[in-house]
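Peer 1: This structure is in structure tokens; I'll ask about it shortly.
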Amino acid sequence: MGYTFGMFMLRKPSEMPSGSSNENEEREPALKSSSSLEVHWSDVRMWQEFLREFNLEHIDLNKKEIIVYGLENNVAITRAFRLENSEHFTALTESEAEADMLKSKGNIRAVKGEAEWHKFDKQGFIVVAMNGDIHVTKHLLKNVQLGGWFLCGIHVANALRGTGYKLMGLIDRSHGHPSVDRSISDEIWEDVAVTNESEYDSAEKIEGMVTKDEMRKKLKAAGRKPGKDVVADYIELLDDAKDQHNPLSSDGNVIFKTEQDGVEIEVKLNTVLPVKENEHQNKTFVMKREI
């Protein structure tokens, strides 16, 4: 027997439509809970894979606070999480009309607000940013509980890593059935980060990343003269700090040690650089709050 959630029939995994990935993908446009709400099975599978891979599938998520930014009309996450009521599930929308639609058509608790500034009464155990355009702010960070999960795109994840969040894995659904890569490490940020000033200038900027002015100051503090490409010079300094085997702190900084006039000094370097276009742009980053 399925679970009823407003106007959706929330099915147990055993009751999900069978068939190949391609068959399900083709059926997606017709799988509508109402004339306004849609259920994309590729998303249902993605959320289920997240729960299974991180041992969350046996938790009653009806008793956990779940916050979703940018839900719009795709309510697949409510099916995957097997929600039976909307008491602890909140969708933050960009408009009153969207909030009213989710309330009336899906019995979903929805409120209008900006992700960067809205304060929820309770912190989220799972927070999902469907919209990759949001920026990480102190207000946003306060909406996630200690030990909570934040699922988002690469730009948001890049900003989170400098605020006490740990990268737990990547969800990839580019090959039909979603898969989770838990072997991913923080070295990914070195692979996707800009490497020179030209790439830096054209990349999307995020709050909390190192600015070019900060780069110049840190280079001077380390006893180095900034050249024509301050970004390349700064990255070389980061590489030197790595060669010293200094650990990365939870706030995304690393220490570079040097000696000037016989005195040993330490220079704290922000490792959060903007990312360039790469193969991870359409993947979901699984982050976990540790501090």
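Chain identifiers are assigned as A, B, and so on, following the order in which chains appear in the structure tokens; residues are numbered from 1 within each chain, and ligands are numbered from 1 in order of appearance.
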Region 65-158 of chain A: which residues are strand (DSSP E) by DSSP, as a ChimeraX atom specification?
Peer 2: /A:66-69,89-93,109-112,124-129,144-152
Peer 1: Would you write out those residues with C-alpha atoms, as a PDB file, in the first residue's frame?
Peer 2:
ATOM      1  CA  ILE A  66      14.119  18.799   5.373  1.00  0.00           C
ATOM      2  CA  ILE A  67      14.551  22.056   3.476  1.00  0.00           C
ATOM      3  CA  VAL A  68      14.548  22.405  -0.303  1.00  0.00           C
ATOM      4  CA  TYR A  69      15.442  25.539  -2.229  1.00  0.00           C
ATOM      5  CA  PHE A  89       9.335  19.341   4.959  1.00  0.00           C
ATOM      6  CA  THR A  90       9.637  22.939   3.749  1.00  0.00           C
ATOM      7  CA  ALA A  91      10.080  24.280   0.246  1.00  0.00           C
ATOM      8  CA  LEU A  92      11.399  27.816  -0.086  1.00  0.00           C
ATOM      9  CA  THR A  93      10.060  29.449  -3.239  1.00  0.00           C
ATOM     10  CA  ARG A 109       4.587  23.402   3.374  1.00  0.00           C
ATOM     11  CA  ALA A 110       5.993  26.198   1.235  1.00  0.00           C
ATOM     12  CA  VAL A 111       7.049  29.755   1.989  1.00  0.00           C
ATOM     13  CA  LYS A 112       8.292  32.585  -0.170  1.00  0.00           C
ATOM     14  CA  GLY A 124      17.589  21.208   8.474  1.00  0.00           C
ATOM     15  CA  PHE A 125      18.870  17.648   8.702  1.00  0.00           C
ATOM     16  CA  ILE A 126      18.900  17.505   4.908  1.00  0.00           C
ATOM     17  CA  VAL A 127      19.086  20.710   2.885  1.00  0.00           C
ATOM     18  CA  VAL A 128      18.878  20.609  -0.894  1.00  0.00           C
ATOM     19  CA  ALA A 129      19.716  23.481  -3.232  1.00  0.00           C
ATOM     20  CA  VAL A 144      21.788  23.430   8.477  1.00  0.00           C
ATOM     21  CA  GLN A 145      22.199  21.501  11.730  1.00  0.00           C
ATOM     22  CA  LEU A 146      25.514  20.107  12.936  1.00  0.00           C
ATOM     23  CA  GLY A 147      25.964  16.757  11.265  1.00  0.00           C
ATOM     24  CA  GLY A 148      23.410  17.729   8.637  1.00  0.00           C
ATOM     25  CA  TRP A 149      23.621  17.167   4.895  1.00  0.00           C
ATOM     26  CA  PHE A 150      23.739  19.760   2.118  1.00  0.00           C
ATOM     27  CA  LEU A 151      23.179  18.595  -1.463  1.00  0.00           C
ATOM     28  CA  CYS A 152      24.037  21.120  -4.133  1.00  0.00           C
TER      29      CYS A 152
END
Peer 1: Please provide the set of residues having any atom within 7 Å of Lys268 (chain A), restricted to only C-alpha atoms, with same-chain residues fewer than 6 positions apart removed, written as a VMD selection string.
Peer 2: chain A and resid 253 to 256
Peer 1: Nearest residue to Glu214 (chain A) out of A:Gly70, A:Leu167, A:Glu277, A:Val267, using only C-alpha atoms?
Peer 2: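 Result for the nearest residue to Glu214 (chain A): A:Val267.
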Peer 1: For Val194 (chain A), which of A:Gly106, A:Gly162, A:Pro274, A:Gly176 is the closest residue, counting only C-alpha atoms?
Peer 2: A:Pro274
Peer 1: Using only C-alpha atoms, which of A:Glu266, A:Asn246, A:Met130, A:Tyr234 sits nearest Asn282 (chain A)?
Peer 2: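 Going through A:Glu266, A:Asn246, A:Met130, A:Tyr234 one by one, the smallest distance to Asn282 (chain A) is for A:Met130.
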Peer 1: So which one's closest to Glu207 (chain A), A:Glu290, A:Met46, A:Leu102, A:Leu140? Using only C-alpha atoms, please.
Peer 2: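 Result for the nearest residue to Glu207 (chain A): A:Leu140.
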Peer 1: Write down as a ChimeraX atom specification the residues belonging to region 48-140 of chain A that are assigned helix (DSSP H, G or I) by DSSP computed on the backbone.
Peer 2: /A:48-53,61-63,76-80,96-106,138-140
